[in-house]
Structures are given as structure tokens and as C-alpha cells.
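Peer 1: Have a peek at input-v4.txt (compact mmCIF, C-alpha atoms and all ligand atoms).
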```txt
# COMPACT_ATOMS: atom_id res chain seq x y z
CA MET S 19 5.27 33.96 -7.38
CA ILE S 20 7.46 31.01 -8.04
CA ARG S 21 10.97 31.09 -9.48
CA PHE S 22 13.22 28.14 -10.29
CA SER S 23 16.74 29.28 -11.17
CA GLN S 24 19.14 26.76 -12.69
CA VAL S 25 17.75 23.94 -10.58
CA THR S 26 19.63 20.67 -10.91
CA LYS S 27 18.98 17.45 -9.00
CA ARG S 28 20.99 14.27 -9.36
CA PHE S 29 20.20 10.90 -7.84
CA GLY S 30 23.47 9.01 -8.28
CA LYS S 31 24.01 8.83 -12.02
CA VAL S 32 20.49 9.97 -12.86
CA THR S 33 20.02 13.66 -13.53
CA ALA S 34 16.38 14.12 -12.58
CA LEU S 35 16.45 17.91 -13.08
CA ASP S 36 18.92 19.55 -15.43
CA GLN S 37 19.29 23.32 -14.95
CA VAL S 38 15.58 24.09 -14.87
CA THR S 39 14.75 27.76 -14.99
CA LEU S 40 11.06 28.61 -14.79
CA GLU S 41 8.85 31.35 -13.44
CA VAL S 42 5.20 31.12 -12.51
CA GLU S 43 3.22 34.34 -12.12
CA PRO S 44 0.26 35.03 -9.82
CA SER S 45 -3.02 33.65 -11.20
CA GLN S 46 -1.29 31.17 -13.48
CA ARG S 47 -2.60 27.64 -13.71
CA LEU S 48 0.23 25.52 -14.89
CA ALA S 49 0.20 21.93 -16.05
CA LEU S 50 3.44 20.04 -15.90
CA ILE S 51 3.36 17.16 -18.33
CA GLY S 52 5.85 14.61 -19.58
CA THR S 53 6.49 10.90 -19.69
CA ASN S 54 7.28 8.83 -16.61
CA GLY S 55 10.67 9.73 -15.23
CA SER S 56 10.86 13.12 -16.96
CA GLY S 57 11.30 14.94 -13.64
CA LYS S 58 7.82 16.24 -12.82
CA THR S 59 7.60 14.90 -9.28
CA THR S 60 11.18 15.91 -8.56
CA LEU S 61 10.40 19.48 -9.67
CA LEU S 62 7.31 19.61 -7.43
CA ARG S 63 9.24 18.19 -4.48
CA ALA S 64 11.96 20.78 -5.05
CA LEU S 65 9.27 23.47 -5.02
CA CYS S 66 7.95 22.17 -1.71
CA GLY S 67 11.41 22.17 -0.13
CA LEU S 68 11.44 18.39 0.19
CA LEU S 69 14.72 17.96 -1.69
CA ARG S 70 18.12 19.53 -1.54
CA VAL S 71 18.94 20.84 -5.01
CA GLU S 72 21.59 22.84 -6.82
CA GLY S 73 20.30 26.22 -7.90
CA ARG S 74 17.53 28.20 -6.27
CA VAL S 75 13.81 27.83 -5.70
CA GLU S 76 11.91 30.89 -4.50
CA LEU S 77 8.33 31.56 -3.55
CA TYR S 78 7.19 35.14 -3.10
CA GLY S 79 10.82 36.19 -2.89
CA HIS S 80 11.79 33.69 -0.19
CA ASP S 81 14.31 30.94 -0.76
CA VAL S 82 12.72 27.56 -0.08
CA ALA S 83 15.98 26.12 1.27
CA ARG S 84 16.94 29.08 3.47
CA ALA S 85 13.57 30.31 4.72
CA PRO S 86 11.10 27.46 4.27
CA GLU S 87 8.75 28.80 6.94
CA LEU S 88 8.29 31.99 4.92
CA ALA S 89 8.49 30.50 1.45
CA LEU S 90 6.05 27.66 2.11
CA ALA S 91 3.51 29.45 4.31
CA HIS S 92 1.23 29.95 1.33
CA LEU S 93 1.66 26.58 -0.32
CA ALA S 94 -0.33 23.36 -0.09
CA TYR S 95 1.01 20.16 -1.60
CA MET S 96 -0.94 17.13 -2.63
CA PRO S 97 1.60 14.32 -3.14
CA GLN S 98 1.03 11.56 -5.65
CA VAL S 99 1.27 8.91 -2.96
CA ALA S 100 0.09 9.41 0.61
CA PRO S 101 2.71 8.79 3.27
CA PRO S 102 2.01 5.49 5.08
CA LEU S 103 0.49 7.00 8.20
CA ASP S 104 -0.61 4.85 11.12
CA ALA S 105 -2.70 7.69 12.49
CA PRO S 106 -6.45 7.41 12.07
CA VAL S 107 -7.97 9.77 9.51
CA ARG S 108 -9.55 11.83 12.31
CA GLU S 109 -6.13 12.56 13.83
CA LEU S 110 -4.60 13.44 10.50
CA VAL S 111 -7.40 15.90 9.81
CA ARG S 112 -7.24 17.39 13.31
CA THR S 113 -3.48 17.84 13.17
CA PHE S 114 -3.65 19.38 9.73
CA CYS S 115 -6.40 21.76 10.80
CA ALA S 116 -4.52 22.80 13.94
CA LEU S 117 -1.39 23.56 11.91
CA ARG S 118 -3.21 25.34 9.13
CA GLY S 119 -5.83 27.13 11.17
CA ARG S 120 -8.65 25.46 9.23
CA SER S 121 -11.83 23.77 10.32
CA PRO S 122 -12.34 19.99 10.16
CA ARG S 123 -15.84 20.75 8.90
CA ASP S 124 -14.35 22.43 5.85
CA VAL S 125 -12.21 19.37 5.14
CA ALA S 126 -15.27 17.13 5.56
CA ALA S 127 -17.27 19.30 3.14
CA ARG S 128 -14.52 19.02 0.51
CA ALA S 129 -14.31 15.27 1.05
CA ALA S 130 -18.08 14.96 0.69
CA LYS S 131 -17.94 16.73 -2.68
CA LEU S 132 -15.38 14.14 -3.73
CA GLY S 133 -17.75 11.40 -2.61
CA LEU S 134 -15.98 10.48 0.63
CA ASP S 135 -17.81 10.44 3.98
CA LEU S 136 -14.98 11.51 6.28
CA GLU S 137 -16.93 10.62 9.44
CA ALA S 138 -17.38 7.05 8.21
CA VAL S 139 -13.60 6.58 7.89
CA ALA S 140 -12.59 8.75 10.87
CA ALA S 141 -11.32 5.80 12.94
CA THR S 142 -9.58 4.03 10.03
CA ARG S 143 -5.79 4.09 9.94
CA THR S 144 -4.87 6.39 7.06
CA ARG S 145 -2.60 3.73 5.55
CA ASP S 146 -5.49 1.27 5.40
CA LEU S 147 -7.68 3.42 3.16
CA SER S 148 -7.98 2.41 -0.48
CA GLY S 149 -5.81 4.30 -2.97
CA GLY S 150 -8.76 6.37 -4.16
CA MET S 151 -9.89 7.17 -0.61
CA LYS S 152 -6.37 8.30 0.33
CA GLN S 153 -6.29 10.55 -2.69
CA LYS S 154 -9.65 12.04 -1.69
CA VAL S 155 -8.37 12.76 1.82
CA LEU S 156 -5.21 14.37 0.41
CA ALA S 157 -7.27 16.44 -2.04
CA ALA S 158 -9.74 17.54 0.66
CA LEU S 159 -6.86 18.65 2.90
CA ALA S 160 -4.97 20.45 0.15
CA LEU S 161 -8.08 22.29 -1.05
CA ALA S 162 -9.27 23.15 2.45
CA ALA S 163 -5.91 24.78 3.17
CA GLU S 164 -7.01 27.58 0.80
CA THR S 165 -3.43 28.62 0.14
CA LYS S 166 -2.30 31.02 -2.57
CA VAL S 167 -0.35 28.20 -4.19
CA LEU S 168 -1.74 24.71 -4.73
CA VAL S 169 0.65 22.02 -5.95
CA CYS S 170 -0.82 18.67 -7.01
CA ASP S 171 1.03 15.61 -8.24
CA GLU S 172 -1.17 13.45 -10.46
CA PRO S 173 -4.14 14.41 -8.27
CA THR S 174 -6.78 12.43 -10.10
CA ALA S 175 -4.84 9.27 -10.95
CA ASN S 176 -6.89 7.15 -8.53
CA LEU S 177 -10.16 9.04 -8.68
CA ASP S 178 -13.36 7.91 -10.33
CA ALA S 179 -14.86 10.19 -12.99
CA ARG S 180 -17.27 11.95 -10.62
CA ALA S 181 -14.61 12.66 -8.05
CA ARG S 182 -12.32 13.92 -10.80
CA ASP S 183 -14.97 16.39 -11.98
CA ALA S 184 -15.65 17.49 -8.40
CA PHE S 185 -11.94 17.99 -7.81
CA PHE S 186 -11.51 20.24 -10.83
CA GLU S 187 -14.70 22.15 -9.96
CA MET S 188 -13.21 23.00 -6.57
CA VAL S 189 -9.92 23.94 -8.20
CA ALA S 190 -11.81 26.28 -10.55
CA GLU S 191 -13.50 27.97 -7.58
CA ARG S 192 -10.18 29.08 -6.11
CA PRO S 193 -9.55 32.85 -6.15
CA PRO S 194 -8.38 34.15 -9.54
CA GLU S 195 -5.03 35.35 -8.21
CA SER S 196 -4.09 31.94 -6.83
CA ILE S 197 -1.53 29.71 -8.50
CA LEU S 198 -2.08 26.10 -9.51
CA VAL S 199 0.74 23.75 -10.44
CA VAL S 200 -0.60 20.37 -11.42
CA CYS S 201 1.41 17.57 -12.87
CA SER S 202 -0.13 14.91 -15.01
CA HIS S 203 0.93 12.52 -17.70
CA ARG S 204 -2.45 13.15 -19.35
CA LEU S 205 -2.76 16.55 -20.97
CA ASP S 206 -6.37 15.89 -22.04
CA GLU S 207 -7.40 15.65 -18.41
CA VAL S 208 -5.97 18.98 -17.28
CA ARG S 209 -5.97 21.14 -20.39
CA HIS S 210 -9.33 22.76 -19.60
CA PHE S 211 -8.16 23.81 -16.15
CA VAL S 212 -4.83 25.38 -16.98
CA ASP S 213 -3.59 28.32 -19.00
CA ARG S 214 -0.04 27.17 -19.44
CA VAL S 215 1.54 23.82 -20.24
CA VAL S 216 5.15 22.99 -19.51
CA GLU S 217 6.43 19.74 -20.92
CA MET S 218 9.38 18.09 -19.20
CA ARG S 219 11.76 15.70 -20.90
CA ASP S 220 14.85 14.16 -19.33
CA GLY S 221 14.81 16.70 -16.52
CA ARG S 222 14.56 19.70 -18.82
CA VAL S 223 11.80 22.02 -19.92
CA GLN S 224 11.07 20.86 -23.44
CA HIS S 225 8.09 23.05 -24.30
CA ASP S 226 6.40 25.95 -22.53
CA VAL S 227 3.17 27.14 -24.12
CA ALA S 228 0.28 29.36 -23.16
CA ILE S 229 -3.27 28.13 -23.71
CA TRP S 230 -5.72 30.83 -24.66
CA GLU S 231 -9.11 29.64 -23.62
CA THR S 232 -9.89 32.68 -21.52
CA LYS S 233 -11.27 36.00 -22.75
CA GLU S 234 -8.03 37.89 -22.86
CA PRO S 235 -5.07 36.40 -24.64
CA ARG S 236 -1.94 36.35 -22.51
CA GLN S 237 1.54 36.98 -23.73
CA PRO S 238 3.06 33.66 -24.68
CA SER S 239 5.33 32.40 -21.94
CA ARG S 240 9.03 32.44 -22.52
CA SER S 241 9.83 29.44 -24.65
CA ALA S 242 12.10 26.72 -23.41
CA ARG S 243 15.74 26.86 -24.09
N1 LIG B 301 14.36 9.44 -4.50
C1 LIG B 301 14.91 9.05 -5.66
N2 LIG B 301 16.00 8.25 -5.68
C2 LIG B 301 16.58 7.88 -6.85
N3 LIG B 301 16.11 8.25 -8.06
C3 LIG B 301 15.02 9.04 -8.11
C4 LIG B 301 14.37 9.47 -6.91
N4 LIG B 301 13.32 10.26 -7.26
C5 LIG B 301 13.31 10.30 -8.60
N5 LIG B 301 14.32 9.57 -9.12
C6 LIG B 301 14.64 9.43 -10.56
O1 LIG B 301 14.60 10.70 -11.16
C7 LIG B 301 13.97 10.65 -12.43
C8 LIG B 301 12.77 11.57 -12.44
O2 LIG B 301 11.77 11.03 -11.60
P1 LIG B 301 10.38 11.76 -11.28
O3 LIG B 301 10.64 13.18 -11.00
O4 LIG B 301 9.69 10.96 -10.24
O5 LIG B 301 9.63 11.65 -12.69
P2 LIG B 301 8.10 11.84 -13.09
O6 LIG B 301 7.37 12.38 -11.91
O7 LIG B 301 8.12 12.76 -14.25
O8 LIG B 301 7.59 10.49 -13.48
C9 LIG B 301 13.66 9.19 -12.68
O9 LIG B 301 14.71 8.63 -13.42
C10 LIG B 301 13.60 8.60 -11.28
O10 LIG B 301 13.93 7.24 -11.28
MG MG B 302 5.74 11.62 -10.84
```
Spell out the structure here as C-alpha cells.
Peer 2:
Amino acid sequence: MIRFSQVTKRFGKVTALDQVTLEVEPSQRLALIGTNGSGKTTLLRALCGLLRVEGRVELYGHDVARAPELALAHLAYMPQVAPPLDAPVRELVRTFCALRGRSPRDVAARAAKLGLDLEAVAATRTRDLSGGMKQKVLAALALAAETKVLVCDEPTANLDARARDAFFEMVAERPPESILVVCSHRLDEVRHFVDRVVEMRDGRVQHDVAIWETKEPRQPSRSAR
């Protein structure tokens, strides 16, 4: 599982994360909500080992900073904004598949469900895709990775309604023991796909509530400090 212990991140005078302590158990689907600038993206980036932070972030018992290759082996990350890659889509997909041991056909199938014909854009520079197309490529890659932990930053912000539905359908098809961490500034969009909502404010966990839409009520999560 995932454990944040006293995680603090400062950018100059801005405290983006202020002593965040949070645990996510296997099979949890967690929505991270909060206004712009509340620290959601920073928390996800800390989870993915993309930032140096004070405190500790662990996945399956491995420290993300000390043993990223172990901690992050089971994690896929869908960033809010695609990096400005010059590589054609085909190369991005091939490289990803080689690293992850996945098949380009699987990525193409996911993209097709999202309404994107990957073959048609194979030769296009990734940076030249439209915002929505980039998000579809990122989503197809992250889902095709089939990792135990899927981390998505505003995954549907640029998607049309059909693609959004298709995205959440594929998320729902993931194995029950897998973990989802999805951040969104719109609770209404993600509430049906999660069983726990953590609200961030000013870099802190403001609320932490369980949602009981499943058959068996869970124990309420530890409330925020
Ligand atoms: N790389 C960075 N450099 C400087 N400030 C940053 C950086 N990343 C985030 N911040 C600041 O940290 C705060 C939290 O940002 P962020 O985590 O992106 O919020 P959210 O995703 O909730 O909108 C904001 O005040 C933002 O300006
Ligand atoms: Mg953000």
C-alpha cells in the first residue's frame, strides 16, 4: 500500500504540502479533491518520486526516495499535462511497451475505447496532438500498464463525455485489489468511482471520508487532523 508520513514540500515561500500523513490500503479507490493550488498535484508527484520532499513516502514498504525502482515498479502515473515530447506517438508507445513489457496492441485497444485511432496519429509528434488526444494517449498508456497502483491527475479534464465514460469504465474493470488515486477538482465526476474522498486545503488534509456505495460498509477512514 501507500504511506505518506509527515510529508512537507516547500517551493520558496509556498508550502505546497504541510506535514501530510495518509495511508491508502489495497483495493482503495481514492479521490483527492480541493481547490486549485491546494497541493493535489504536488502530493501525486511526491508519490511518484518526482519531487524531493521532507518526510517519507512508501509504496509496498519501499521508500520512494531510496528505492524508487522497487517502490514504483507497480505504479502507473497519468500526469495532468503531457511532457512536450518531440517523439512521434508510435515511438512513445513502443518505448513505453518495451519498458513495461506490454503490447502496443493493448495500448491501441485502450485508445480505441477512448475514441482515438492510434494508428492514424502514429507518425504525429506527440507534442503536436490536441490536448484531448494527448490525454487519451496518456490514459491508454497508464491503463495498459495494468499496474497495482494507478495514479491519475485530472485525467478527464480534456476529454469529451464519451471518452470520460469509457475511461471510468476501464478504471472500473481493474482488479478489485488494485489501488486508484485520482485527483480532480470536481467531486461529482469521480464520486461514483471512488470509495474514499480526501480533501486538500493549503497543503493539508482537510477532510477524509469513506463513501459507502458498495455492498459492505467499510470502517470510516481515519479523520484528518
Ligand atoms: N514546481 C513548482 N514551483 C513553484 N511552486 C509550485 C510548483 N509546483 C506547485 N507549486 C505551488 O504549490 C502549490 C500547490 O500546487 P499544486 O500541487 O499544483 O496544486 P493543485 O494540484 O491542487 O492545483 C501552489 O501554490 C503552486 O503554485
Ligand atoms: Mg493540479
Peer 1: Can I get the residues close to ligand LIG 301 (chain B) as a PyMOL selection string, where close means within 6 Å and we count only C-alpha atoms and all ligand atoms?
Peer 2: chain S and resi 29+32+34+53-60
Peer 1: State, in Å with one decimal place, the distance from atom CA of S:Arg219 to atom CA of S:Leu168.
Peer 2: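 These two atoms are separated by 22.9 Å.
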Peer 1: For S:Ala83, work out the shell of residues within 9 Å, counting only C-alpha atoms and skipping chain neighbours fewer than 4 positions away, then give it as an MDAnalysis selection string.
Peer 2: chainID S and resid 67 69:71 74:76 89
Peer 1: Could you pull out the residues sitting within 12 Å of ligand MG 302 (chain B), using all atoms listed in the file, and write them as a PyMOL selection string?
Peer 2: chain S and resi 34+50-63+96-99+170-173+175+200-204+218+221
Peer 1: To one decimal place in Å, what is the distance between atom CA of S:Ala129 and atom CA of S:Arg145?
Peer 2: 17.0 Å
Peer 1: Env of S:Ala49: 7 Å cut, atoms = all atoms listed in the file, seq-sep filter 4 positions within chain, self excluded. Answer as a ChimeraX atom specification.
Peer 2: /S:199-201,208,212,214-216
Peer 1: Those selected residues, please, written with C-alpha atoms and delivered as a CSV table (one decimal), in the frame of the given file.
Peer 2:
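Written file, selection.csv:
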```csv
chain,number,residue,atom,x,y,z
S,199,VAL,CA,0.7,23.8,-10.4
S,200,VAL,CA,-0.6,20.4,-11.4
S,201,CYS,CA,1.4,17.6,-12.9
S,208,VAL,CA,-6.0,19.0,-17.3
S,212,VAL,CA,-4.8,25.4,-17.0
S,214,ARG,CA,0.0,27.2,-19.4
S,215,VAL,CA,1.5,23.8,-20.2
S,216,VAL,CA,5.2,23.0,-19.5
```
Peer 1: Nearest to S:Arg108: which of S:Val42, S:Val125, S:Ala94, S:Met188 is it, counting all atoms listed in the file?
Peer 2: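 Among S:Val42, S:Val125, S:Ala94, S:Met188, it is S:Val125 that comes nearest to S:Arg108.
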Peer 1: Dig up all the protein and nucleic acid residues within 9 Å of (3.0, 24.6, -24.6) in the file frame, using all atoms listed in the file, and format them as number ranges by chain.
Peer 2: S: 214-217, 224-229, 239, 241
Peer 1: Restricting it to C-alpha atoms, dump the selection as an mmCIF file, keeping the file's coordinate frame.
Peer 2:
```
data_model
loop_
_atom_site.group_PDB
_atom_site.id
_atom_site.type_symbol
_atom_site.label_atom_id
_atom_site.label_comp_id
_atom_site.auth_asym_id
_atom_site.auth_seq_id
_atom_site.Cartn_x
_atom_site.Cartn_y
_atom_site.Cartn_z
ATOM 1 C CA ARG S 214 -0.040 27.170 -19.440
ATOM 2 C CA VAL S 215 1.540 23.820 -20.240
ATOM 3 C CA VAL S 216 5.150 22.990 -19.510
ATOM 4 C CA GLU S 217 6.430 19.740 -20.920
ATOM 5 C CA GLN S 224 11.070 20.860 -23.440
ATOM 6 C CA HIS S 225 8.090 23.050 -24.300
ATOM 7 C CA ASP S 226 6.400 25.950 -22.530
ATOM 8 C CA VAL S 227 3.170 27.140 -24.120
ATOM 9 C CA ALA S 228 0.280 29.360 -23.160
ATOM 10 C CA ILE S 229 -3.270 28.130 -23.710
ATOM 11 C CA SER S 239 5.330 32.400 -21.940
ATOM 12 C CA SER S 241 9.830 29.440 -24.650
#
```
Peer 1: Of the candidates S:Asp81, S:Asp183, S:Asp146, S:Glu72, which one gets nearest to S:Asp104 if we count all atoms listed in the file?
Peer 2: S:Asp146
Peer 1: Could you please determine the separation between atom CA of S:Arg143 and atom CA of S:Pro102 in Å, to one decimal place?
Peer 2: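 Separation of atom CA of S:Arg143 and atom CA of S:Pro102: 9.3 Å.
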Peer 1: Using only C-alpha atoms - which residues lie no farther than 8 Å from the point (-5.7, 9.4, -3.4) in the file's frame? Write them as a JSON list (two decimals) with C-alpha atoms, in the coordinates of the input.
Peer 2:
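File written: out27.json
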```json
[["chain", "number", "residue", "atom", "x", "y", "z"],
["S", 98, "GLN", "CA", 1.03, 11.56, -5.65],
["S", 99, "VAL", "CA", 1.27, 8.91, -2.96],
["S", 100, "ALA", "CA", 0.09, 9.41, 0.61],
["S", 148, "SER", "CA", -7.98, 2.41, -0.48],
["S", 149, "GLY", "CA", -5.81, 4.30, -2.97],
["S", 150, "GLY", "CA", -8.76, 6.37, -4.16],
["S", 151, "MET", "CA", -9.89, 7.17, -0.61],
["S", 152, "LYS", "CA", -6.37, 8.30, 0.33],
["S", 153, "GLN", "CA", -6.29, 10.55, -2.69],
["S", 154, "LYS", "CA", -9.65, 12.04, -1.69],
["S", 155, "VAL", "CA", -8.37, 12.76, 1.82],
["S", 156, "LEU", "CA", -5.21, 14.37, 0.41],
["S", 157, "ALA", "CA", -7.27, 16.44, -2.04],
["S", 173, "PRO", "CA", -4.14, 14.41, -8.27],
["S", 174, "THR", "CA", -6.78, 12.43, -10.10],
["S", 175, "ALA", "CA", -4.84, 9.27, -10.95],
["S", 176, "ASN", "CA", -6.89, 7.15, -8.53],
["S", 177, "LEU", "CA", -10.16, 9.04, -8.68]]
```
Peer 1: Rank S:Glu207, S:Asp178, S:Asp36, S:Glu164 by their smallest atom-to-atom distance to S:Gly133, using only C-alpha atoms, and report the top residue only.
Peer 2: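 Of S:Glu207, S:Asp178, S:Asp36, S:Glu164, the one nearest S:Gly133 is S:Asp178, counting only C-alpha atoms.
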Peer 1: Using only C-alpha atoms, which residue out of S:Arg120, S:Arg128, S:Lys166, S:His210 lies closest to S:Ser196?
Peer 2: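 Of the candidates, the smallest distance to S:Ser196 is held by S:Lys166.
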Peer 1: Considering all atoms listed in the file, state which residue in the set S:Ala141, S:Val169, S:Val25, S:Met19 is at the smallest distance from S:Glu41.
Peer 2: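 Selected residue with least distance to S:Glu41: S:Met19.
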Peer 1: Taking the block just given, write stretch 141-161 of chain S to a file that holds N, CA, C and O atoms, as a short mmCIF file (atom, residue, chain, number, x, y, z; two decimals), in the first residue's frame.
Peer 2:
```
data_model
loop_
_atom_site.label_atom_id
_atom_site.label_comp_id
_atom_site.auth_asym_id
_atom_site.auth_seq_id
_atom_site.Cartn_x
_atom_site.Cartn_y
_atom_site.Cartn_z
N ALA S 141 2.41 8.70 -36.64
CA ALA S 141 3.56 9.47 -37.12
C ALA S 141 3.57 10.91 -36.60
O ALA S 141 4.52 11.66 -36.84
N THR S 142 2.53 11.30 -35.90
CA THR S 142 2.44 12.68 -35.39
C THR S 142 3.36 12.87 -34.18
O THR S 142 3.44 11.99 -33.32
N ARG S 143 4.05 14.01 -34.15
CA ARG S 143 4.84 14.32 -32.95
C ARG S 143 3.89 14.40 -31.76
O ARG S 143 2.85 15.08 -31.86
N THR S 144 4.26 13.80 -30.66
CA THR S 144 3.35 13.76 -29.50
C THR S 144 2.94 15.17 -29.08
O THR S 144 1.78 15.43 -28.79
N ARG S 145 3.89 16.11 -29.14
CA ARG S 145 3.59 17.48 -28.70
C ARG S 145 2.60 18.19 -29.62
O ARG S 145 1.99 19.19 -29.22
N ASP S 146 2.43 17.68 -30.82
CA ASP S 146 1.51 18.33 -31.77
C ASP S 146 0.08 17.81 -31.68
O ASP S 146 -0.81 18.32 -32.37
N LEU S 147 -0.16 16.81 -30.86
CA LEU S 147 -1.54 16.33 -30.69
C LEU S 147 -2.36 17.40 -29.98
O LEU S 147 -1.81 18.21 -29.22
N SER S 148 -3.66 17.36 -30.16
CA SER S 148 -4.53 18.27 -29.40
C SER S 148 -4.49 17.86 -27.92
O SER S 148 -4.08 16.74 -27.59
N GLY S 149 -4.94 18.75 -27.05
CA GLY S 149 -4.94 18.47 -25.62
C GLY S 149 -5.70 17.19 -25.28
O GLY S 149 -5.22 16.36 -24.50
N GLY S 150 -6.86 17.05 -25.90
CA GLY S 150 -7.68 15.86 -25.64
C GLY S 150 -7.01 14.59 -26.14
O GLY S 150 -7.05 13.54 -25.49
N MET S 151 -6.40 14.68 -27.34
CA MET S 151 -5.71 13.50 -27.89
C MET S 151 -4.53 13.09 -27.01
O MET S 151 -4.31 11.91 -26.77
N LYS S 152 -3.78 14.09 -26.51
CA LYS S 152 -2.66 13.78 -25.62
C LYS S 152 -3.17 13.05 -24.39
O LYS S 152 -2.58 12.09 -23.92
N GLN S 153 -4.29 13.56 -23.85
CA GLN S 153 -4.82 12.95 -22.64
C GLN S 153 -5.27 11.51 -22.91
O GLN S 153 -5.11 10.63 -22.07
N LYS S 154 -5.79 11.27 -24.11
CA LYS S 154 -6.20 9.91 -24.46
C LYS S 154 -4.99 8.99 -24.57
O LYS S 154 -5.05 7.83 -24.15
N VAL S 155 -3.90 9.50 -25.14
CA VAL S 155 -2.69 8.68 -25.24
C VAL S 155 -2.16 8.37 -23.84
O VAL S 155 -1.85 7.22 -23.52
N LEU S 156 -2.11 9.39 -22.98
CA LEU S 156 -1.63 9.18 -21.61
C LEU S 156 -2.51 8.18 -20.87
O LEU S 156 -2.01 7.30 -20.15
N ALA S 157 -3.82 8.29 -21.06
CA ALA S 157 -4.76 7.38 -20.39
C ALA S 157 -4.58 5.96 -20.90
O ALA S 157 -4.55 5.00 -20.12
N ALA S 158 -4.45 5.82 -22.23
CA ALA S 158 -4.28 4.48 -22.82
C ALA S 158 -3.01 3.83 -22.30
O ALA S 158 -3.01 2.64 -21.95
N LEU S 159 -1.94 4.60 -22.19
CA LEU S 159 -0.67 4.05 -21.68
C LEU S 159 -0.81 3.66 -20.21
O LEU S 159 -0.42 2.56 -19.82
N ALA S 160 -1.36 4.56 -19.42
CA ALA S 160 -1.45 4.30 -17.97
C ALA S 160 -2.34 3.08 -17.70
O ALA S 160 -2.02 2.25 -16.85
N LEU S 161 -3.44 2.95 -18.43
CA LEU S 161 -4.33 1.81 -18.22
C LEU S 161 -3.71 0.52 -18.73
O LEU S 161 -3.82 -0.53 -18.09
#
```
